[in-house]
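Data file: final14.cif. Format and content: mmCIF, C-alpha atoms.
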data_start
#
loop_
_atom_site.label_atom_id
_atom_site.label_comp_id
_atom_site.auth_asym_id
_atom_site.auth_seq_id
_atom_site.Cartn_x
_atom_site.Cartn_y
_atom_site.Cartn_z
CA MET K 8 0.00 0.00 0.00
CA ALA K 9 1.29 3.46 -0.92
CA LYS K 10 2.28 5.59 2.04
CA ASN K 11 0.00 8.42 0.89
CA SER K 12 -2.92 6.12 0.07
CA LYS K 13 -6.10 8.18 0.41
CA LEU K 14 -9.73 7.37 1.05
CA VAL K 15 -12.31 8.55 -1.48
CA GLU K 16 -16.09 8.47 -1.25
CA VAL K 17 -17.60 7.42 -4.58
CA VAL K 18 -21.25 7.90 -5.51
CA PHE K 19 -23.09 5.72 -8.02
CA LYS K 20 -26.55 5.79 -9.56
CA GLY K 21 -29.36 6.25 -7.06
CA GLU K 22 -27.04 7.99 -4.58
CA ARG K 23 -25.46 4.67 -3.66
CA ARG K 24 -22.20 5.57 -1.90
CA ALA K 25 -19.14 3.63 -0.80
CA ILE K 26 -15.60 4.34 0.41
CA TYR K 27 -12.63 3.30 -1.72
CA ARG K 28 -8.87 3.60 -1.35
CA ASP K 29 -6.61 5.33 -3.87
CA ARG K 30 -3.68 2.95 -3.62
CA ASN K 31 -2.03 4.15 -6.83
CA ASP K 32 -1.66 7.81 -5.93
CA LEU K 33 -3.98 8.92 -8.74
CA GLU K 34 -4.58 12.39 -7.24
CA ILE K 35 -8.33 12.17 -7.64
CA ALA K 36 -10.39 15.35 -7.35
CA GLU K 37 -14.02 15.65 -6.32
CA GLY K 38 -16.32 15.33 -9.32
CA GLU K 39 -14.01 13.06 -11.32
CA TYR K 40 -15.28 9.70 -12.59
CA VAL K 41 -13.31 6.63 -11.52
CA ILE K 42 -13.28 2.89 -12.17
CA VAL K 43 -13.45 0.88 -8.94
CA GLU K 44 -13.33 -2.71 -7.79
CA ALA K 45 -16.76 -4.32 -7.45
CA GLU K 46 -17.80 -7.54 -5.76
CA ARG K 47 -17.39 -9.18 -9.15
CA GLY K 48 -15.77 -7.12 -11.86
CA GLN K 49 -15.58 -3.34 -12.10
CA ASP K 50 -17.93 -0.41 -11.59
CA LEU K 51 -17.90 3.29 -12.45
CA GLY K 52 -18.79 6.16 -10.14
CA LYS K 53 -18.02 9.77 -9.32
CA ALA K 54 -15.70 10.90 -6.53
CA SER K 55 -17.95 12.87 -4.18
CA LEU K 56 -15.62 13.41 -1.22
CA VAL K 57 -11.83 13.30 -0.95
CA GLY K 58 -9.61 13.81 2.07
CA SER K 59 -9.73 13.58 5.84
CA LEU K 60 -13.53 13.90 6.08
CA VAL K 61 -13.92 10.54 4.35
CA ARG K 62 -12.09 8.85 7.21
CA LEU K 63 -14.84 9.95 9.59
CA LYS K 64 -17.47 8.24 7.42
CA ARG K 65 -15.56 5.01 6.88
CA GLY K 66 -17.07 1.90 8.44
CA LYS K 67 -15.34 -1.27 9.52
CA GLY K 68 -13.98 -3.86 7.14
CA GLU K 69 -11.66 -3.95 4.14
CA THR K 70 -11.87 -1.04 1.70
CA ARG K 71 -11.87 -1.85 -2.02
CA SER K 72 -9.55 0.00 -4.36
CA ILE K 73 -9.92 2.57 -7.10
CA ILE K 74 -8.42 1.01 -10.22
CA ARG K 75 -7.99 4.11 -12.37
CA LYS K 76 -9.54 7.35 -13.50
CA ALA K 77 -12.27 7.03 -16.11
CA VAL K 78 -11.52 7.98 -19.72
CA GLU K 79 -13.84 9.18 -22.49
CA HIS K 80 -14.58 5.63 -23.67
CA ASP K 81 -15.71 4.69 -20.15
CA LEU K 82 -18.17 7.58 -20.07
CA GLU K 83 -19.56 6.45 -23.44
CA ILE K 84 -20.18 3.00 -21.95
CA MET K 85 -21.92 4.66 -18.99
CA GLU K 86 -24.30 6.50 -21.34
CA LYS K 87 -25.03 3.29 -23.26
CA ASN K 88 -25.77 1.53 -19.96
CA LYS K 89 -28.29 4.24 -19.11
CA GLU K 90 -30.21 3.46 -22.30
CA LYS K 91 -30.03 -0.27 -21.54
CA GLU K 92 -31.38 0.42 -18.04
CA LYS K 93 -34.44 2.15 -19.49
CA ALA K 94 -35.13 -0.84 -21.74
CA ALA K 95 -34.55 -3.30 -18.88
CA PHE K 96 -36.94 -1.33 -16.68
CA LYS K 97 -39.69 -1.64 -19.29
CA THR K 98 -39.01 -5.35 -19.82
CA CYS K 99 -39.04 -6.10 -16.08
CA LYS K 100 -42.33 -4.22 -15.57
CA GLU K 101 -43.92 -6.33 -18.30
CA LYS K 102 -42.63 -9.52 -16.69
CA ILE K 103 -43.90 -8.47 -13.26
CA LYS K 104 -47.35 -7.97 -14.81
CA GLU K 105 -47.09 -11.28 -16.62
CA TYR K 106 -46.26 -13.18 -13.40
CA LYS K 107 -48.87 -11.13 -11.46
CA LEU K 108 -46.40 -10.23 -8.74
CA ASP K 109 -47.44 -7.74 -6.05
CA MET K 110 -44.37 -5.51 -6.31
CA LYS K 111 -43.45 -2.06 -7.62
CA LEU K 112 -40.32 -1.70 -9.73
CA VAL K 113 -38.37 1.39 -8.67
CA ASP K 114 -35.08 1.42 -10.55
CA VAL K 115 -32.61 -0.60 -12.58
CA GLU K 116 -28.83 -0.35 -12.27
CA ILE K 117 -26.39 -2.01 -14.64
CA GLN K 118 -22.87 -2.48 -13.33
CA PHE K 119 -20.29 -0.70 -15.52
CA ASP K 120 -18.81 -3.92 -16.95
CA GLY K 121 -22.25 -5.47 -17.46
CA SER K 122 -21.53 -8.37 -15.12
CA LYS K 123 -24.59 -7.63 -12.97
CA ILE K 124 -28.00 -5.99 -13.30
CA THR K 125 -29.81 -4.97 -10.12
CA PHE K 126 -33.57 -4.41 -10.10
CA TYR K 127 -34.80 -2.40 -7.10
CA PHE K 128 -38.41 -2.80 -6.00
CA THR K 129 -40.80 -2.12 -3.16
CA ALA K 130 -43.47 -4.49 -1.86
CA ALA K 131 -45.82 -4.71 1.10
CA GLN K 132 -44.54 -8.17 1.92
CA ARG K 133 -42.07 -10.78 0.74
CA VAL K 134 -42.37 -11.73 -2.93
CA ASP K 135 -41.47 -15.05 -4.56
CA PHE K 136 -39.65 -13.75 -7.63
CA ARG K 137 -37.58 -16.84 -8.45
CA GLU K 138 -39.27 -17.40 -11.82
CA LEU K 139 -38.87 -13.73 -12.65
CA VAL K 140 -35.12 -13.91 -11.96
CA LYS K 141 -34.77 -16.97 -14.19
CA ASP K 142 -36.63 -15.22 -16.97
CA LEU K 143 -34.53 -12.05 -16.71
CA ALA K 144 -31.29 -14.09 -16.57
CA SER K 145 -32.26 -15.90 -19.80
CA ILE K 146 -32.89 -12.54 -21.51
CA TYR K 147 -29.77 -10.65 -20.37
CA ARG K 148 -27.31 -13.54 -19.93
CA THR K 149 -25.73 -11.99 -16.85
CA ARG K 150 -26.07 -12.05 -13.07
CA ILE K 151 -29.47 -10.75 -11.95
CA GLU K 152 -30.23 -9.36 -8.50
CA LEU K 153 -33.68 -8.30 -7.31
CA ARG K 154 -33.38 -6.13 -4.23
CA GLN K 155 -36.35 -5.15 -2.09
CA ILE K 156 -36.04 -1.66 -0.60
CA GLY K 157 -38.17 0.52 1.68
CA VAL K 158 -40.04 3.70 0.74
CA ARG K 159 -37.26 5.89 2.17
CA ASP K 160 -34.71 4.08 0.00
CA GLU K 161 -37.04 4.51 -2.97
CA SER K 162 -37.21 8.25 -2.41
CA LYS K 163 -33.42 8.39 -2.11
CA ARG K 164 -32.87 6.57 -5.41
CA ILE K 165 -35.44 8.62 -7.33
CA SER K 166 -34.32 11.88 -5.67
CA GLY K 167 -36.29 15.11 -5.57
CA TYR K 168 -36.71 18.32 -3.59
CA GLY K 169 -38.17 18.78 -0.13
CA ILE K 170 -40.66 21.38 1.08
CA CYS K 171 -37.63 23.51 2.04
CA GLY K 172 -36.77 23.87 -1.64
CA ARG K 173 -33.48 22.01 -1.29
CA LYS K 174 -32.49 18.59 -2.58
CA GLN K 175 -33.69 15.78 -0.31
CA CYS K 176 -31.22 15.11 2.50
CA CYS K 177 -31.23 11.39 1.73
CA SER K 178 -30.23 12.09 -1.87
CA ALA K 179 -27.75 14.84 -1.03
CA PHE K 180 -25.59 13.55 1.82
CA LEU K 181 -27.20 11.06 4.23
CA THR K 182 -25.59 7.62 4.20
CA GLU K 183 -27.86 6.00 6.80
CA PHE K 184 -31.46 6.42 7.88
CA GLU K 185 -31.94 7.10 11.58
CA GLN K 186 -35.13 6.74 13.57
CA ILE K 187 -37.42 9.78 13.45
CA THR K 188 -40.38 10.08 15.84
CA THR K 189 -43.40 12.35 16.20
CA GLN K 190 -42.03 13.30 19.63
CA MET K 191 -39.28 15.19 17.82
CA ALA K 192 -41.93 17.26 16.04
CA LYS K 193 -43.65 17.88 19.37
CA ASP K 194 -40.34 18.91 20.94
CA GLN K 195 -39.97 21.53 18.20
CA GLN K 196 -43.56 22.73 18.75
CA LEU K 197 -44.61 21.84 15.22
CA ALA K 198 -48.19 21.16 14.22
CA LEU K 199 -48.63 17.42 13.71
CA ASN K 200 -49.87 17.93 10.17
CA PRO K 201 -48.63 14.99 8.03
CA SER K 202 -48.31 17.18 4.93
CA LYS K 203 -46.01 19.57 6.82
CA ILE K 204 -43.76 17.13 8.68
CA SER K 205 -43.49 14.34 6.09
CA GLY K 206 -41.08 14.01 3.20
CA ASN K 207 -41.67 12.81 -0.36
CA CYS K 208 -41.35 9.24 0.92
CA GLY K 209 -44.39 9.71 3.16
CA ARG K 210 -42.29 9.23 6.29
CA LEU K 211 -41.33 11.86 8.86
CA LEU K 212 -38.79 14.43 7.67
CA CYS K 213 -35.17 13.42 8.33
CA CYS K 214 -34.38 17.03 9.29
CA LEU K 215 -36.59 16.74 12.39
CA ARG K 216 -33.65 14.96 13.99
CA TYR K 217 -31.00 17.60 13.27
CA GLU K 218 -31.99 20.19 15.87
CA ASP K 219 -33.89 17.98 18.30
CA GLU K 220 -31.08 17.86 20.89
CA ALA K 221 -30.63 21.65 20.69
CA TYR K 222 -34.33 22.18 21.40
CA LEU K 223 -34.28 19.78 24.33
CA GLU K 224 -31.20 21.49 25.79
CA ILE K 225 -32.84 24.92 25.60
CA PHE K 226 -36.12 23.64 27.04
CA ARG K 227 -34.31 22.37 30.14
CA ASP K 228 -33.94 26.00 31.23
CA PHE K 229 -37.72 26.50 31.11
CA PRO K 230 -40.57 25.04 33.13
CA PRO K 231 -42.37 22.32 31.11
CA LEU K 232 -44.83 23.52 28.48
CA GLY K 233 -48.35 23.64 29.91
CA SER K 234 -47.12 24.46 33.42
CA ARG K 235 -49.32 26.70 35.55
CA ILE K 236 -47.22 29.56 36.89
CA THR K 237 -48.19 32.13 39.51
CA LEU K 238 -46.11 35.28 39.12
CA ASN K 239 -46.64 38.59 40.93
CA GLY K 240 -50.05 37.43 42.09
CA LYS K 241 -51.20 36.51 38.58
CA ARG K 242 -51.74 32.92 37.43
CA GLY K 243 -51.08 31.77 33.87
CA ILE K 244 -50.13 28.89 31.61
CA LEU K 245 -46.85 28.56 29.71
CA ASN K 246 -48.10 27.90 26.17
CA TYR K 247 -45.10 28.49 23.91
CA ILE K 248 -41.32 28.79 24.03
CA ASN K 249 -39.42 30.86 21.47
CA ILE K 250 -35.95 29.33 21.36
CA PHE K 251 -34.54 32.15 19.21
CA GLN K 252 -35.50 34.87 21.69
CA ASN K 253 -35.04 32.53 24.65
CA LYS K 254 -38.43 33.53 26.06
CA GLY K 255 -41.62 31.76 27.02
CA LEU K 256 -45.16 33.02 26.38
CA LEU K 257 -47.26 33.09 29.56
CA HIS K 258 -51.02 33.40 29.02
CA TYR K 259 -52.71 34.80 32.14
CA GLU K 260 -56.07 33.40 33.27
CA ASP K 261 -57.54 36.86 33.69
CA GLY K 262 -56.51 37.86 30.16
CA GLY K 263 -53.33 39.16 28.58
CA GLN K 264 -50.01 37.54 27.92
CA GLU K 265 -46.32 38.21 28.50
CA TRP K 266 -42.98 37.05 27.09
CA LEU K 267 -40.62 36.10 29.91
CA THR K 268 -37.08 34.71 30.17
CA PRO K 269 -36.40 31.41 31.98
CA GLU K 270 -35.04 33.34 34.96
CA GLU K 271 -38.18 35.48 35.19
CA LEU K 272 -40.45 32.44 34.93
CA LYS K 273 -38.57 30.63 37.69
CA LYS K 274 -39.29 33.50 40.10
CA GLY K 275 -42.92 32.41 40.09
CA THR K 276 -44.56 29.37 41.65
CA VAL K 277 -44.57 26.57 39.09
CA GLU K 278 -47.16 23.80 39.04
CA ASN K 279 -45.91 21.23 36.55
CA VAL K 280 -48.37 19.38 34.36
CA THR K 281 -48.84 15.72 35.15
#
Could I get this file's structure written as structure tokens?
Amino acid sequence: MAKNSKLVEVVFKGERRAIYRDRNDLEIAEGEYVIVEAERGQDLGKASLVGSLVRLKRGKGETRSIIRKAVEHDLEIMEKNKEKEKAAFKTCKEKIKEYKLDMKLVDVEIQFDGSKITFYFTAAQRVDFRELVKDLASIYRTRIELRQIGVRDESKRISGYGICGRKQCCSAFLTEFEQITTQMAKDQQLALNPSKISGNCGRLLCCLRYEDEAYLEIFRDFPPLGSRITLNGKRGILNYINIFQNKGLLHYEDGGQEWLTPEELKKGTVENVT
């Protein structure tokens, strides 16, 4: 192994990402296409991240190598594979209909050297697609893989834009899906409106997790939301916390409201909600 061997994150079709090692000191820059080792054969992808940050994302296990930089002929093969993928998608959909399988075809990915074709699909339950695989193998004369994925993986492969106007997080940079809960939306005082807190996949927005810990840390300085607080002889309920102004909104029972800091709220008598 070269002393200055570097790690490079490579992205493939459908935002599939993996870490490879530049053992030949190729001086790869972000955005360059490279030929890499695959499980069987070779694949082509684009360098998406180069340098020390890749080391932080690397998992355990042996890292495959980058063989060389892609040349013009390689990119021509990539474009031809894209056309073949469209045809294979149409063929597979027809076969699924023919075999009356309860599955939805999402995407087709042909490995650069043509040694494998992967068909991605979603389904409500397990599907017996053995006959379908045999049929596809007889048509394409190569290794066929049918891979069942979830709706979040489907959204990642298809890509798109979120309600924020930016590219979906899963398609832009996320490498793993973490658990998202409605409690996170509650913590951030968001209305539990599915159309507002759900992504294109129909699941809760991944970004709900990003600031959840920050909200919880700020809320620790305040009495719990819904607390009854008696302050200066007036009794009210803490209905809202503005984390940007670091103030809570106290609605008084006799009318009126007031924005108060955590310190000011703690001067009153707090009756926590049960």
Write out as a list in words which residues come within 7 Å of range 142-159 of chain K when counting all atoms listed in the file, dropping same-chain ones fewer than 6 positions away. Ser122, Lys123, Ile124, Thr125, Phe126, Tyr127, Phe128, Thr129 and Cys208 of chain K
If I take CA of Ser202 in chain K and CA of Arg164 in chain K, how far is one from the other in Å, to one decimal?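 Calculated distance between CA of Ser202 in chain K and CA of Arg164 in chain K is 21.4 Å.
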Find the residues around Val18 in chain K up to 7 Å (all atoms listed in the file counted), leave out those fewer than 5 positions away in its own chain, and share them as an MDAnalysis selection string. chainID K and resid 23:25 52:55
Written as a ChimeraX atom specification, which residues does the PyMOL selection byres ((chain K and resi 269) around 10) give for the file shown? /K:225-230,248,253-255,266-268,270-274
Generate a file of the selected residues that holds C-alpha atoms, formatted as a compact mmCIF listing (two decimals), in the frame of the given file.
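Final file, result03.txt:
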# COMPACT_ATOMS: atom_id res chain seq x y z
CA ILE K 225 -32.84 24.92 25.60
CA PHE K 226 -36.12 23.64 27.04
CA ARG K 227 -34.31 22.37 30.14
CA ASP K 228 -33.94 26.00 31.23
CA PHE K 229 -37.72 26.50 31.11
CA PRO K 230 -40.57 25.04 33.13
CA ILE K 248 -41.32 28.79 24.03
CA ASN K 253 -35.04 32.53 24.65
CA LYS K 254 -38.43 33.53 26.06
CA GLY K 255 -41.62 31.76 27.02
CA TRP K 266 -42.98 37.05 27.09
CA LEU K 267 -40.62 36.10 29.91
CA THR K 268 -37.08 34.71 30.17
CA GLU K 270 -35.04 33.34 34.96
CA GLU K 271 -38.18 35.48 35.19
CA LEU K 272 -40.45 32.44 34.93
CA LYS K 273 -38.57 30.63 37.69
CA LYS K 274 -39.29 33.50 40.10
Separation of CA of Gly240 in chain K and CA of Gly263 in chain K, in Å? 14.0 Å
Under the rule that all atoms listed in the file are counted, which of K:Leu56, K:Phe251, K:Ser72, K:Gln49 is the nearest residue to Asp29 in chain K? K:Ser72
To one decimal place, how far is CA of Phe19 in chain K from CA of Ser166 in chain K in Å?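 So the answer is 13.0 Å.
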The residue from K:Thr188, K:Ser162, K:Gln175, K:Thr182 with the smallest atom-to-atom distance to Val17 in chain K, counting all atoms listed in the file, is K:Thr182
Any chance you could resolve the PyMOL selection byres ((chain K and resi 244) around 6) against this file and give the residues as a list in words? Gly233, Ser234, Arg235, Gly243, Leu245, Asn246, Leu257 and His258 of chain K
Rank nothing, just name the residue among K:Asp32, K:Glu22, K:Glu278, K:Asp160 nearest to Ile74 in chain K, using all atoms listed in the file. K:Asp32
Just checking: using all atoms listed in the file, which residue out of K:Gly172, K:Gly58, K:Gly262, K:Gly48 ends up closest to Ala36 in chain K?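 Nearest candidate to Ala36 in chain K out of K:Gly172, K:Gly58, K:Gly262, K:Gly48: K:Gly58.
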Given the choices K:Arg47, K:Lys20, K:Arg30, K:Lys111, which gets closest to Ala131 in chain K if the distance is worked out from all atoms listed in the file?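 Nearest candidate to Ala131 in chain K out of K:Arg47, K:Lys20, K:Arg30, K:Lys111: K:Lys111.
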Please return, as a ChimeraX atom specification, all polymer residues that have at least one atom within 10 Å of the point (-36.4, 18.2, 9.1); use all atoms listed in the file and the file's own coordinate frame. /K:169-171,176,187,191-192,203-206,211-219
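Remark: for Lys89 in chain K, the closest of the candidate residues K:Asp114, K:Glu101, K:Glu224, K:Asp109 is K:Asp114 (distances computed over only C-alpha atoms).
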Provide an axis-aligned box for all listed atoms of range 96-115 of chain K, padding each side by 5 Å; report its centre and its edge lengths in Å to one decimal, as lines of an AutoDock Vina configuration file.
center_x = -40.7
center_y = -5.9
center_z = -12.9
size_x = 26.3
size_y = 24.6
size_z = 23.8
For Val41 in chain K, please output as JSON, numbers by chain all residues within 6 Å (counting all atoms listed in the file; exclusion window: fewer than 4 positions along the same chain). {"K": [51, 52, 75, 76, 77]}
